[in-house]
Amino acid sequence: MVSWSEGSYSSSSSDSDISSRAPPSILCVEWTGLATDLSARCEHQAICEKYVAFQSVDSGRRFLGCAQKEGPKCGYVEWVDPEWPPQLKTTLGRMWDMYEDENKTRLSDNLANAEGIFKVLKEKENMEKDLRFFKLDFAKMVADKEQALAQLGNTQIALTDLKEELEKKKISDKSATNIHQVFRAKAEKELELIKQELELMNQERGETMKERDEVMQERDELKKEKKKLEYMIGDLFKHKEETKSKIRKVREILDEFE
């Protein structure tokens, strides 16, 4: 096993221990800060900083790198620990491959879910737009029906006044009686036409109420779809926690090899 003591570093490192590209690192309280006690210097001729690699088969290896905080780093890397044994490198490589495959699968699933969510939201937006137009048309139709009912009421009042006027008149001759009968027949015919129009209006109103109920049912279905989407998003966050758990297990395996 590689010792993590400060004395394990040697200034006579071979060329294979020096690289020009720093790997990703992870915080380690036992190996951090400036390497003031070591002679290594980066390409800026400055004191190096201590890092612990966290990438593929080099995960857990200590190295020295550029300590620049501002401006570009020079990319200097000098490994403190030697390469891991082949068995450990194979294990780390497989774990990182599993982690990357899991991330790719998760990304693909998230993309598919996002496309599905976008499609549902677009359909919901279109349905809400159609619902707004339907409400406007329905309000206009109701206003027209109310106007028609008002006209019908005025017509009924006029017919009532006509009947009262005819009843008050004293028709003494046959011609006057005939005229009265003609007016009455005409009034009754007009009343029958008005009743038919009322029945037609009531039938149209029933159909309108039926259409409104269908729209309300579609809105309820949209609410159910929204709930399903919320559950799907919750599952996505749950999978994210599972990925974090896998990373912690990888760290525990690394600790066992130390």
# chains A, B, ... in the order shown; residues from 1 in each chain; ligands from 1
>>> residues_around(residues="range 40-43 of chain A", least_positions_apart="3", cutoff="6 Å", atoms="only C-alpha atoms", output="list in words")
Ala46, Ile47, Cys48, Cys66 and Tyr76 of chain A
>>> write_last_selection(atoms="all heavy atoms", output="PDB file, in the first residue's frame")
ATOM      1  N   ALA A  46       6.832  28.591  -9.198  1.00  0.00           N
ATOM      2  CA  ALA A  46       6.183  28.876  -7.919  1.00  0.00           C
ATOM      3  C   ALA A  46       5.981  27.572  -7.156  1.00  0.00           C
ATOM      4  O   ALA A  46       6.053  26.473  -7.717  1.00  0.00           O
ATOM      5  CB  ALA A  46       4.840  29.562  -8.152  1.00  0.00           C
ATOM      6  N   ILE A  47       5.726  27.706  -5.865  1.00  0.00           N
ATOM      7  CA  ILE A  47       5.481  26.537  -5.019  1.00  0.00           C
ATOM      8  C   ILE A  47       4.214  25.834  -5.507  1.00  0.00           C
ATOM      9  O   ILE A  47       3.214  26.474  -5.823  1.00  0.00           O
ATOM     10  CB  ILE A  47       5.336  26.961  -3.540  1.00  0.00           C
ATOM     11  CG1 ILE A  47       6.645  27.593  -3.057  1.00  0.00           C
ATOM     12  CG2 ILE A  47       4.964  25.768  -2.671  1.00  0.00           C
ATOM     13  CD1 ILE A  47       6.555  28.154  -1.650  1.00  0.00           C
ATOM     14  N   CYS A  48       4.274  24.521  -5.566  1.00  0.00           N
ATOM     15  CA  CYS A  48       3.119  23.739  -6.039  1.00  0.00           C
ATOM     16  C   CYS A  48       2.087  23.567  -4.935  1.00  0.00           C
ATOM     17  O   CYS A  48       2.367  23.779  -3.746  1.00  0.00           O
ATOM     18  CB  CYS A  48       3.575  22.362  -6.534  1.00  0.00           C
ATOM     19  SG  CYS A  48       4.620  22.433  -8.003  1.00  0.00           S
ATOM     20  N   CYS A  66      -0.099  23.177 -10.308  1.00  0.00           N
ATOM     21  CA  CYS A  66       0.016  24.637 -10.278  1.00  0.00           C
ATOM     22  C   CYS A  66      -0.919  25.199  -9.217  1.00  0.00           C
ATOM     23  O   CYS A  66      -2.071  24.783  -9.099  1.00  0.00           O
ATOM     24  CB  CYS A  66      -0.315  25.212 -11.653  1.00  0.00           C
ATOM     25  SG  CYS A  66      -0.136  26.996 -11.757  1.00  0.00           S
ATOM     26  N   TYR A  76       1.039  22.043 -14.947  1.00  0.00           N
ATOM     27  CA  TYR A  76       2.104  21.187 -14.421  1.00  0.00           C
ATOM     28  C   TYR A  76       1.526  20.159 -13.450  1.00  0.00           C
ATOM     29  O   TYR A  76       0.726  20.487 -12.584  1.00  0.00           O
ATOM     30  CB  TYR A  76       3.152  22.056 -13.716  1.00  0.00           C
ATOM     31  CG  TYR A  76       4.235  21.267 -13.001  1.00  0.00           C
ATOM     32  CD1 TYR A  76       5.351  20.807 -13.673  1.00  0.00           C
ATOM     33  CD2 TYR A  76       4.112  21.002 -11.638  1.00  0.00           C
ATOM     34  CE1 TYR A  76       6.334  20.098 -13.020  1.00  0.00           C
ATOM     35  CE2 TYR A  76       5.096  20.283 -10.974  1.00  0.00           C
ATOM     36  CZ  TYR A  76       6.210  19.837 -11.661  1.00  0.00           C
ATOM     37  OH  TYR A  76       7.178  19.137 -11.009  1.00  0.00           O
TER      38      TYR A  76
END
>>> select_by_dssp(residues="range 19-101 of chain A", states="alpha helix (DSSP H)", output="ChimeraX atom specification")
/A:86-101
>>> write_last_selection(atoms="C-alpha atoms", output="mmCIF file, in the first residue's frame")
data_model
loop_
_atom_site.group_PDB
_atom_site.id
_atom_site.type_symbol
_atom_site.label_atom_id
_atom_site.label_comp_id
_atom_site.auth_asym_id
_atom_site.auth_seq_id
_atom_site.Cartn_x
_atom_site.Cartn_y
_atom_site.Cartn_z
ATOM 1 C CA PRO A 86 -3.293 -3.597 -12.140
ATOM 2 C CA GLN A 87 -6.122 -5.205 -10.169
ATOM 3 C CA LEU A 88 -7.031 -1.896 -8.532
ATOM 4 C CA LYS A 89 -6.747 -0.010 -11.833
ATOM 5 C CA THR A 90 -9.081 -2.516 -13.463
ATOM 6 C CA THR A 91 -11.598 -2.152 -10.641
ATOM 7 C CA LEU A 92 -11.444 1.653 -10.763
ATOM 8 C CA GLY A 93 -11.789 1.652 -14.534
ATOM 9 C CA ARG A 94 -14.883 -0.547 -14.416
ATOM 10 C CA MET A 95 -16.430 1.582 -11.685
ATOM 11 C CA TRP A 96 -15.851 4.779 -13.631
ATOM 12 C CA ASP A 97 -17.284 3.143 -16.769
ATOM 13 C CA MET A 98 -20.367 2.118 -14.793
ATOM 14 C CA TYR A 99 -20.670 5.656 -13.423
ATOM 15 C CA GLU A 100 -20.365 7.240 -16.887
ATOM 16 C CA ASP A 101 -22.846 4.753 -18.391
#
>>> residues_around(residues="range 106-118 of chain A", least_positions_apart="4", cutoff="8 Å", atoms="only C-alpha atoms", output="short mmCIF file (atom, residue, chain, number, x, y, z; two decimals) with N, CA and C atoms, in the first residue's frame")
data_model
loop_
_atom_site.label_atom_id
_atom_site.label_comp_id
_atom_site.auth_asym_id
_atom_site.auth_seq_id
_atom_site.Cartn_x
_atom_site.Cartn_y
_atom_site.Cartn_z
N GLU A 102 -24.09 5.14 -16.37
CA GLU A 102 -25.28 5.53 -15.61
C GLU A 102 -25.65 6.99 -15.89
N LYS A 122 -47.22 21.94 -24.10
CA LYS A 122 -47.66 22.58 -25.34
C LYS A 122 -49.12 22.26 -25.62
N LEU A 229 -46.76 14.28 -14.02
CA LEU A 229 -45.48 14.94 -14.31
C LEU A 229 -44.74 15.28 -13.02
N LEU A 236 -37.08 11.68 -10.74
CA LEU A 236 -35.78 12.13 -11.26
C LEU A 236 -34.86 12.56 -10.12
#
>>> select_by_dssp(residues="range 30-251 of chain A", states="strand (DSSP E or B)", output="list in words")
Leu34, Arg41, Ile47, Glu49, Lys50, Tyr51, Val52, Ala53, Arg62, Phe63, Leu64, Gly65, Val77, Glu78 and Trp79 of chain A
>>> write_last_selection(atoms="N, CA, C and O atoms", output="mmCIF file, in the first residue's frame")
data_model
loop_
_atom_site.group_PDB
_atom_site.id
_atom_site.type_symbol
_atom_site.label_atom_id
_atom_site.label_comp_id
_atom_site.auth_asym_id
_atom_site.auth_seq_id
_atom_site.Cartn_x
_atom_site.Cartn_y
_atom_site.Cartn_z
ATOM 1 N N LEU A 34 -0.460 24.402 0.137
ATOM 2 C CA LEU A 34 0.799 24.569 -0.588
ATOM 3 C C LEU A 34 1.855 23.587 -0.086
ATOM 4 O O LEU A 34 1.956 23.326 1.116
ATOM 5 N N ARG A 41 8.533 22.719 -8.203
ATOM 6 C CA ARG A 41 8.098 24.027 -8.673
ATOM 7 C C ARG A 41 7.392 23.837 -10.019
ATOM 8 O O ARG A 41 7.830 23.048 -10.856
ATOM 9 N N ILE A 47 5.726 27.706 -5.865
ATOM 10 C CA ILE A 47 5.481 26.537 -5.019
ATOM 11 C C ILE A 47 4.214 25.834 -5.507
ATOM 12 O O ILE A 47 3.214 26.474 -5.823
ATOM 13 N N GLU A 49 0.901 23.145 -5.345
ATOM 14 C CA GLU A 49 -0.181 22.855 -4.404
ATOM 15 C C GLU A 49 -0.460 21.354 -4.413
ATOM 16 O O GLU A 49 -0.284 20.683 -5.422
ATOM 17 N N LYS A 50 -0.911 20.864 -3.272
ATOM 18 C CA LYS A 50 -1.177 19.435 -3.122
ATOM 19 C C LYS A 50 -2.599 19.123 -3.582
ATOM 20 O O LYS A 50 -3.555 19.807 -3.213
ATOM 21 N N TYR A 51 -2.725 18.055 -4.379
ATOM 22 C CA TYR A 51 -4.016 17.620 -4.883
ATOM 23 C C TYR A 51 -4.135 16.103 -4.756
ATOM 24 O O TYR A 51 -3.120 15.399 -4.656
ATOM 25 N N VAL A 52 -5.380 15.609 -4.801
ATOM 26 C CA VAL A 52 -5.670 14.174 -4.861
ATOM 27 C C VAL A 52 -6.550 13.952 -6.085
ATOM 28 O O VAL A 52 -7.626 14.552 -6.206
ATOM 29 N N ALA A 53 -6.086 13.104 -7.015
ATOM 30 C CA ALA A 53 -6.796 12.888 -8.274
ATOM 31 C C ALA A 53 -8.125 12.184 -8.038
ATOM 32 O O ALA A 53 -8.269 11.372 -7.129
ATOM 33 N N ARG A 62 -2.075 10.950 -5.141
ATOM 34 C CA ARG A 62 -1.664 12.313 -4.806
ATOM 35 C C ARG A 62 -0.746 12.868 -5.896
ATOM 36 O O ARG A 62 0.035 12.121 -6.495
ATOM 37 N N PHE A 63 -0.865 14.182 -6.122
ATOM 38 C CA PHE A 63 0.036 14.809 -7.080
ATOM 39 C C PHE A 63 0.211 16.283 -6.723
ATOM 40 O O PHE A 63 -0.549 16.844 -5.926
ATOM 41 N N LEU A 64 1.235 16.887 -7.302
ATOM 42 C CA LEU A 64 1.509 18.308 -7.125
ATOM 43 C C LEU A 64 1.153 19.032 -8.417
ATOM 44 O O LEU A 64 1.455 18.545 -9.514
ATOM 45 N N GLY A 65 0.506 20.193 -8.287
ATOM 46 C CA GLY A 65 0.092 20.941 -9.462
ATOM 47 C C GLY A 65 0.241 22.424 -9.255
ATOM 48 O O GLY A 65 0.655 22.900 -8.187
ATOM 49 N N VAL A 77 1.923 18.882 -13.600
ATOM 50 C CA VAL A 77 1.492 17.809 -12.705
ATOM 51 C C VAL A 77 2.689 16.918 -12.404
ATOM 52 O O VAL A 77 3.385 16.464 -13.322
ATOM 53 N N GLU A 78 2.928 16.693 -11.126
ATOM 54 C CA GLU A 78 3.969 15.758 -10.710
ATOM 55 C C GLU A 78 3.352 14.781 -9.723
ATOM 56 O O GLU A 78 2.888 15.179 -8.643
ATOM 57 N N TRP A 79 3.334 13.506 -10.103
ATOM 58 C CA TRP A 79 2.700 12.499 -9.262
ATOM 59 C C TRP A 79 3.560 12.177 -8.059
ATOM 60 O O TRP A 79 4.766 12.010 -8.169
#
>>> closest_residue(among="A:Glu252, A:Glu221, A:Asp144, A:Asp81", to="Met127 in chain A", atoms="only C-alpha atoms")
A:Glu221
>>> closest_residue(among="A:Arg219, A:Val57, A:Lys228, A:Phe237", to="Glu128 in chain A", atoms="only C-alpha atoms")
A:Arg219
>>> closest_residue(among="A:Lys249, A:Arg205, A:Lys195, A:Arg184", to="Met141 in chain A", atoms="only C-alpha atoms")
A:Arg205
